[in-house]
Amino acid sequence: MSKQFDVIVIGGGPGGYIAAIRAAQLGFNVACIDEWKNEKGGPAPGGTCTNVGCIPSKALLQSSEHFEHANKHFAEHGITATGVKMDVAKMIARKDTVVKQNNDGILYLFKKNKVSFFHGRGSFVKAAEGGYEIKVAGAAEETLTGKQIIIATGSNARALPGTPFDEELVLSNDGALRVGAVPKKLGLIGSGVIGLEMGSVWRRLGAEVTILEGLPTFLGAVDEQIAKEAKKAFDKQGLKIELGVKVGEIKTGKKGVSIAYTNAKGEAQSLDVDKLIVSIGRVPNTIGLNNEAVGLQLDERGAIVVDADCKTNLPGVWAVGDVVRGPMLAHKAEEEGVAVAERIAGQHGHVNFNTIPWVIYTSPEIAWVGRTEQQLKADGVKYKAGSFPFLANGRARALGDTTGMVKMLADAETDEILGVHIVGPQASELISEAVVAMEFKASSEDIARICHAHPSLSEATKEAALAVDKRTLNF
C-alpha cells in the first residue's frame with residue numbers, strides 16, 4: 001500500500017528542499033525524494049548546487065585565493081612567507097567536508113520540520129484518485145501518493161556534440177571539482193560563470209589556462225562597461241581568453257586533449273591541454289521522470305512548461321528551478337520553491353524576476369541586478385548613469401584591492417533605480433543593497449541619502465548613486 005502525502009517534492013536541490021520545508025511549515029504532510037549519493041552511497045541532498053556547483057566551487061575559490069595571497073600579496077603587508085605550497089588533495093578534502101556539512105544540514109532541517117525523506121529516483125506512475133502515484137527507485141522500491149507534486153529535478157551539464165564527458169580528460173563542472181593535481185595546461189570551452197570560476201581556481205594554483213569562447217563579446221549578458229573592466233583584470237592575471245572562436249574536432253589521448261578551432265579571423269588553430277573543461281550551458285533534467293505516463297508537457301528544450309505561477313499543464317503538478325524557464329540560479333529556484341508552497345496553501349507567493357541578482361565569484365567578483373545600459377538603449381528607455389571606481393574608495397585601498405567600480409542606472413524622469421552593476425571586491429555582498437532598493441522601487445537619491453558606514457566598500461554604491469545626478473562626495 002502506498003504512503004499518502006499532501007505534497008511530494010521530486011528533487012532535493014535548492015528549489016526542492018526549500019519547497020518541502022516551507023510546505024511542511026505551512027502544515028502539510030510532505031515527502032521529498034532525492035537520488036544524489038555521497039561516496040559511501042548515502043543520501044546527499046542539495047542537488048547540483050551543494051554537491052557539484054555553488055558550494056564546492058566557492059570552497060575551491062577560497063582555498064586558491066588564500067594560496068595566491070600568500071604567494072603574491074602577503075609581502076606588501078609586511079608578511080614574509082616562503083616555500084608556500086598547495087596540497088591539492090587536502091584542498092579537495094576540505095571541499096568535500098564543506099559539501100557534506102551542507103548535505104547533513106539539509107537532512108537535519110528535514111527532520112526538524114517533519115519532512116519525510118526518501119533516497120532514490122522519483123518518477124510518475126499514474127494519476128491516482130485525488131493526486132498522483134510516484135515511484136521511488138532506491139535501495140528499496142516504494143510507492144507514494146501525493147495530492148500535490150512539485151518537480152525540482154534541476155539540470156545537467158551540456159556536452160559538446162560528439163565529445164561526451166569522461167570526467168578524466170573532458171570535464172563537466174563535476175569533474176572540474178575533482179581534479180587531483182594542478183594541470184600544467186588547462187583548456188576551457190565557454191567563458192560563462194563555471195568557465196571563469198574554475199579557470200580562476202586552477203590559474204591561481206599554477207595552471208596555464210586558455211578559455212575559448214564562441215561569442216564575439218565577453219560576458220554578453222553583463223553590462224558592457226563592467227564586462228570590459230572585468231576582462232582587463234582577467235587579462236592582467238594571465239587568463240588567456242579567446243573570443244569568436246569556432247571549435248572543431250576534439251581528440252583525447254594519453255598525452256591529454258587536442259582541440260582544433262578557428263579564431264575570430266577565421267584562421268585554423270590548435271590547442272593541446274592536459275585537461276579540458278566544457279562549460280557551454282546546462283539542460284533541464286527530466287531523465288527518468290516518466291512524464292509520458294501522466295502527459296506532463298515539455299517544451300522544445302526539454303524544460304517543463306509552466307505558467308507565471310509555476311503551474312504545469314496538469315492539475316496539482318508544479319515545477320521550479322532549472323527544470324523550467326528562467327535563469328538557472330540556485331536562489332531563483334529557492335524563491336520559486338517558497339512561492340509554490342505558499343500558493344498551494346492559498347497564499348500569494350511572490351517572485352520578481354527583475355530583482356534576481358547574478359554573481360560570478362571570480363576575483364574581481366562580478367554582480368548585477370536589473371537591466372544593463374545596452375538593454376535600456378535597445379528598449380528606448382531614457383536613463384541616467386553614474387559610476388564610482390574602487391580606486392577612490394578608502395576601504396578598498398586598505399584591503400589592497402581597488403579593481404573595478406559600482407555603476408548605477410536610473411530612470412531619467414522618475415529616478416527609479418533600473419540596474420546596478422558591480423565589478424570589484426565583495427561584489428556578491430554589495431549587490432544585496434541594490435536588490436532591496438529595487439524591490440522597494442527606490443530612487444538613486446534614496447541610496448545617496450542613506451548613511452553608509454565609513455570606511456566601507458558600500459560607500460562606492462552611495463557614490464555611484466550621487467554620480468547619477470552628477471554629484472560626488474569623493475570619500
# chains A, B, ... in the order shown; residues from 1 in each chain; ligands from 1
>>> select_by_dssp(residues="range 126-167 of chain A", states="strand (DSSP E or B)", output="list in words")
Lys126, Ala127, Ala128, Gly131, Tyr132, Glu133, Ile134, Lys135, Val136, Ala137, Gly138, Glu142, Thr143, Leu144, Thr145, Gly146, Lys147, Gln148, Ile149, Ile150, Ile151, Ser155, Asn156, Ala157, Leu160 and Thr163 of chain A
>>> closest_atom_pairs(of="range 321-406 of chain A", to="range 291-299 of chain A", cutoff="12 Å", atoms="only C-alpha atoms", output="JSON lines")
{"residue": "A:Val323", "atom": "CA", "partner": "A:Leu298", "partner_atom": "CA", "distance": 9.8}
{"residue": "A:Val324", "atom": "CA", "partner": "A:Leu298", "partner_atom": "CA", "distance": 9.2}
{"residue": "A:Arg325", "atom": "CA", "partner": "A:Asp299", "partner_atom": "CA", "distance": 9.6}
>>> write_last_selection(atoms="all heavy atoms", output="PDB file, in the first residue's frame")
ATOM      1  N   VAL A 323      14.674  23.249 -14.067  1.00  0.00           N
ATOM      2  CA  VAL A 323      13.910  22.403 -14.973  1.00  0.00           C
ATOM      3  C   VAL A 323      12.797  23.172 -15.684  1.00  0.00           C
ATOM      4  O   VAL A 323      12.102  22.629 -16.545  1.00  0.00           O
ATOM      5  CB  VAL A 323      13.341  21.180 -14.208  1.00  0.00           C
ATOM      6  CG1 VAL A 323      12.080  21.544 -13.415  1.00  0.00           C
ATOM      7  CG2 VAL A 323      13.086  20.001 -15.137  1.00  0.00           C
ATOM      8  N   VAL A 324      12.634  24.471 -15.359  1.00  0.00           N
ATOM      9  CA  VAL A 324      11.643  25.326 -16.021  1.00  0.00           C
ATOM     10  C   VAL A 324      12.324  26.546 -16.637  1.00  0.00           C
ATOM     11  O   VAL A 324      13.545  26.692 -16.575  1.00  0.00           O
ATOM     12  CB  VAL A 324      10.529  25.776 -15.041  1.00  0.00           C
ATOM     13  CG1 VAL A 324       9.845  24.573 -14.418  1.00  0.00           C
ATOM     14  CG2 VAL A 324      11.081  26.689 -13.956  1.00  0.00           C
ATOM     15  N   ARG A 325      11.528  27.455 -17.222  1.00  0.00           N
ATOM     16  CA  ARG A 325      12.049  28.655 -17.869  1.00  0.00           C
ATOM     17  C   ARG A 325      12.726  29.582 -16.851  1.00  0.00           C
ATOM     18  O   ARG A 325      12.517  29.468 -15.662  1.00  0.00           O
ATOM     19  CB  ARG A 325      10.929  29.422 -18.604  1.00  0.00           C
ATOM     20  CG  ARG A 325      10.039  30.285 -17.697  1.00  0.00           C
ATOM     21  CD  ARG A 325       9.133  29.443 -16.834  1.00  0.00           C
ATOM     22  NE  ARG A 325       8.286  30.185 -15.926  1.00  0.00           N
ATOM     23  CZ  ARG A 325       8.601  30.465 -14.654  1.00  0.00           C
ATOM     24  NH1 ARG A 325       9.779  30.152 -14.170  1.00  0.00           N
ATOM     25  NH2 ARG A 325       7.719  31.054 -13.873  1.00  0.00           N
TER      26      ARG A 325
END
>>> closest_atom_pairs(of="range 383-446 of chain A", to="range 214-237 of chain A", cutoff="12 Å", atoms="only C-alpha atoms", output="tab-separated table")
residue	atom	partner	partner_atom	distance
A:Ala385	CA	A:Gln225	CA	11.5
A:Gly386	CA	A:Gln225	CA	11.8
A:Ser387	CA	A:Gln225	CA	10.2
A:Phe388	CA	A:Ile226	CA	11.8
A:Pro389	CA	A:Glu229	CA	10.6
A:Phe390	CA	A:Glu229	CA	11.9
A:Asp401	CA	A:Ala233	CA	11.4
A:Thr402	CA	A:Ala233	CA	11.0
A:Thr403	CA	A:Ala233	CA	7.5
A:Gly404	CA	A:Glu229	CA	6.4
A:Met405	CA	A:Ile226	CA	7.8
A:Val406	CA	A:Ile226	CA	8.6
A:Lys407	CA	A:Ile226	CA	8.1
A:Met408	CA	A:Asp223	CA	10.7
A:Leu409	CA	A:Asp223	CA	10.6
A:Gly419	CA	A:Asp223	CA	9.5
A:Val420	CA	A:Asp223	CA	9.3
A:His421	CA	A:Ile226	CA	7.0
A:Ile422	CA	A:Ile226	CA	7.0
A:Val423	CA	A:Ile226	CA	6.2
A:Gly424	CA	A:Ala230	CA	8.4
A:Pro425	CA	A:Ala230	CA	11.6
A:Ala427	CA	A:Ile226	CA	11.9
>>> residues_around(residues="Gln25 in chain A", least_positions_apart="5", cutoff="12 Å", atoms="only C-alpha atoms", output="PyMOL selection string")
chain A and resi 18-20+30+109-110+112-115+338+341-342+345
>>> residues_around(residues="Ala128 in chain A", least_positions_apart="4", cutoff="10 Å", atoms="only C-alpha atoms", output="MDAnalysis selection string")
chainID A and resid 132:134 145:147
>>> write_last_selection(atoms="N, CA and C atoms", output="compact mmCIF listing (two decimals), in the first residue's frame")
# COMPACT_ATOMS: atom_id res chain seq x y z
N TYR A 132 -1.47 11.90 -7.51
CA TYR A 132 -0.59 11.14 -8.41
C TYR A 132 0.19 10.10 -7.63
N GLU A 133 0.43 8.97 -8.31
CA GLU A 133 1.24 7.91 -7.73
C GLU A 133 2.68 8.09 -8.19
N ILE A 134 3.60 8.10 -7.23
CA ILE A 134 5.02 8.34 -7.52
C ILE A 134 5.83 7.15 -7.03
N THR A 145 1.82 8.35 -2.76
CA THR A 145 0.73 9.04 -3.42
C THR A 145 0.64 10.44 -2.84
N GLY A 146 0.59 11.43 -3.73
CA GLY A 146 0.55 12.82 -3.28
C GLY A 146 -0.56 13.60 -3.96
N LYS A 147 -1.20 14.49 -3.20
CA LYS A 147 -2.24 15.36 -3.77
C LYS A 147 -1.62 16.44 -4.66
>>> residues_around(residues="Ile287 in chain A", least_positions_apart="6", cutoff="12 Å", atoms="only C-alpha atoms", output="PyMOL selection string")
chain A and resi 121-124+153-156+302-304+323
>>> write_last_selection(atoms="C-alpha atoms", output="PDB file, in the first residue's frame")
ATOM      1  CA  ARG A 121      14.828   8.489  -8.034  1.00  0.00           C
ATOM      2  CA  GLY A 122      11.246   9.699  -8.151  1.00  0.00           C
ATOM      3  CA  SER A 123       9.080   9.140 -11.202  1.00  0.00           C
ATOM      4  CA  PHE A 124       5.409   9.291 -12.155  1.00  0.00           C
ATOM      5  CA  THR A 153      14.853  17.945 -10.722  1.00  0.00           C
ATOM      6  CA  GLY A 154      17.365  20.613 -11.773  1.00  0.00           C
ATOM      7  CA  SER A 155      19.668  20.495 -14.781  1.00  0.00           C
ATOM      8  CA  ASN A 156      22.652  18.664 -16.247  1.00  0.00           C
ATOM      9  CA  GLY A 302      13.163  19.600 -22.702  1.00  0.00           C
ATOM     10  CA  ALA A 303      12.089  22.014 -19.961  1.00  0.00           C
ATOM     11  CA  ILE A 304       8.786  21.508 -18.166  1.00  0.00           C
ATOM     12  CA  VAL A 323      13.910  22.403 -14.973  1.00  0.00           C
TER      13      VAL A 323
END
>>> select_by_dssp(residues="range 170-413 of chain A", states="alpha helix (DSSP H)", output="PyMOL selection string")
chain A and resi 173-176+193-204+224-237+330-344+373-378+394-399
>>> closest_atom_pairs(of="range 44-143 of chain A", to="range 362-371 of chain A", cutoff="12 Å", atoms="only C-alpha atoms", output="JSON lines")
{"residue": "A:Ser57", "atom": "CA", "partner": "A:Thr362", "partner_atom": "CA", "distance": 10.5}
{"residue": "A:Lys58", "atom": "CA", "partner": "A:Thr362", "partner_atom": "CA", "distance": 9.5}
{"residue": "A:Leu60", "atom": "CA", "partner": "A:Thr362", "partner_atom": "CA", "distance": 11.3}
{"residue": "A:Leu61", "atom": "CA", "partner": "A:Thr362", "partner_atom": "CA", "distance": 7.8}
{"residue": "A:Gln62", "atom": "CA", "partner": "A:Thr362", "partner_atom": "CA", "distance": 10.0}
{"residue": "A:Ser64", "atom": "CA", "partner": "A:Ser363", "partner_atom": "CA", "distance": 10.8}
{"residue": "A:Glu65", "atom": "CA", "partner": "A:Ser363", "partner_atom": "CA", "distance": 8.4}
{"residue": "A:His66", "atom": "CA", "partner": "A:Ser363", "partner_atom": "CA", "distance": 11.8}
{"residue": "A:Glu68", "atom": "CA", "partner": "A:Ser363", "partner_atom": "CA", "distance": 11.0}
{"residue": "A:His69", "atom": "CA", "partner": "A:Ser363", "partner_atom": "CA", "distance": 11.6}
>>> closest_residue(among="A:Val201, A:Gly195, A:Asp104, A:Cys32", to="Ser63 in chain A", atoms="only C-alpha atoms")
A:Val201
>>> residues_around(residues="Gly192 in chain A", least_positions_apart="3", cutoff="9 Å", atoms="only C-alpha atoms", output="ChimeraX atom specification")
/A:195-197,213,218-219,279-281,360
>>> closest_residue(among="A:Glu242, A:Pro56, A:Asp274, A:Gly15", to="Cys310 in chain A", atoms="only C-alpha atoms")
A:Gly15
>>> atom_distance(atom1="CA of Val209 in chain A", atom2="CA of Leu186 in chain A")
4.9 Å
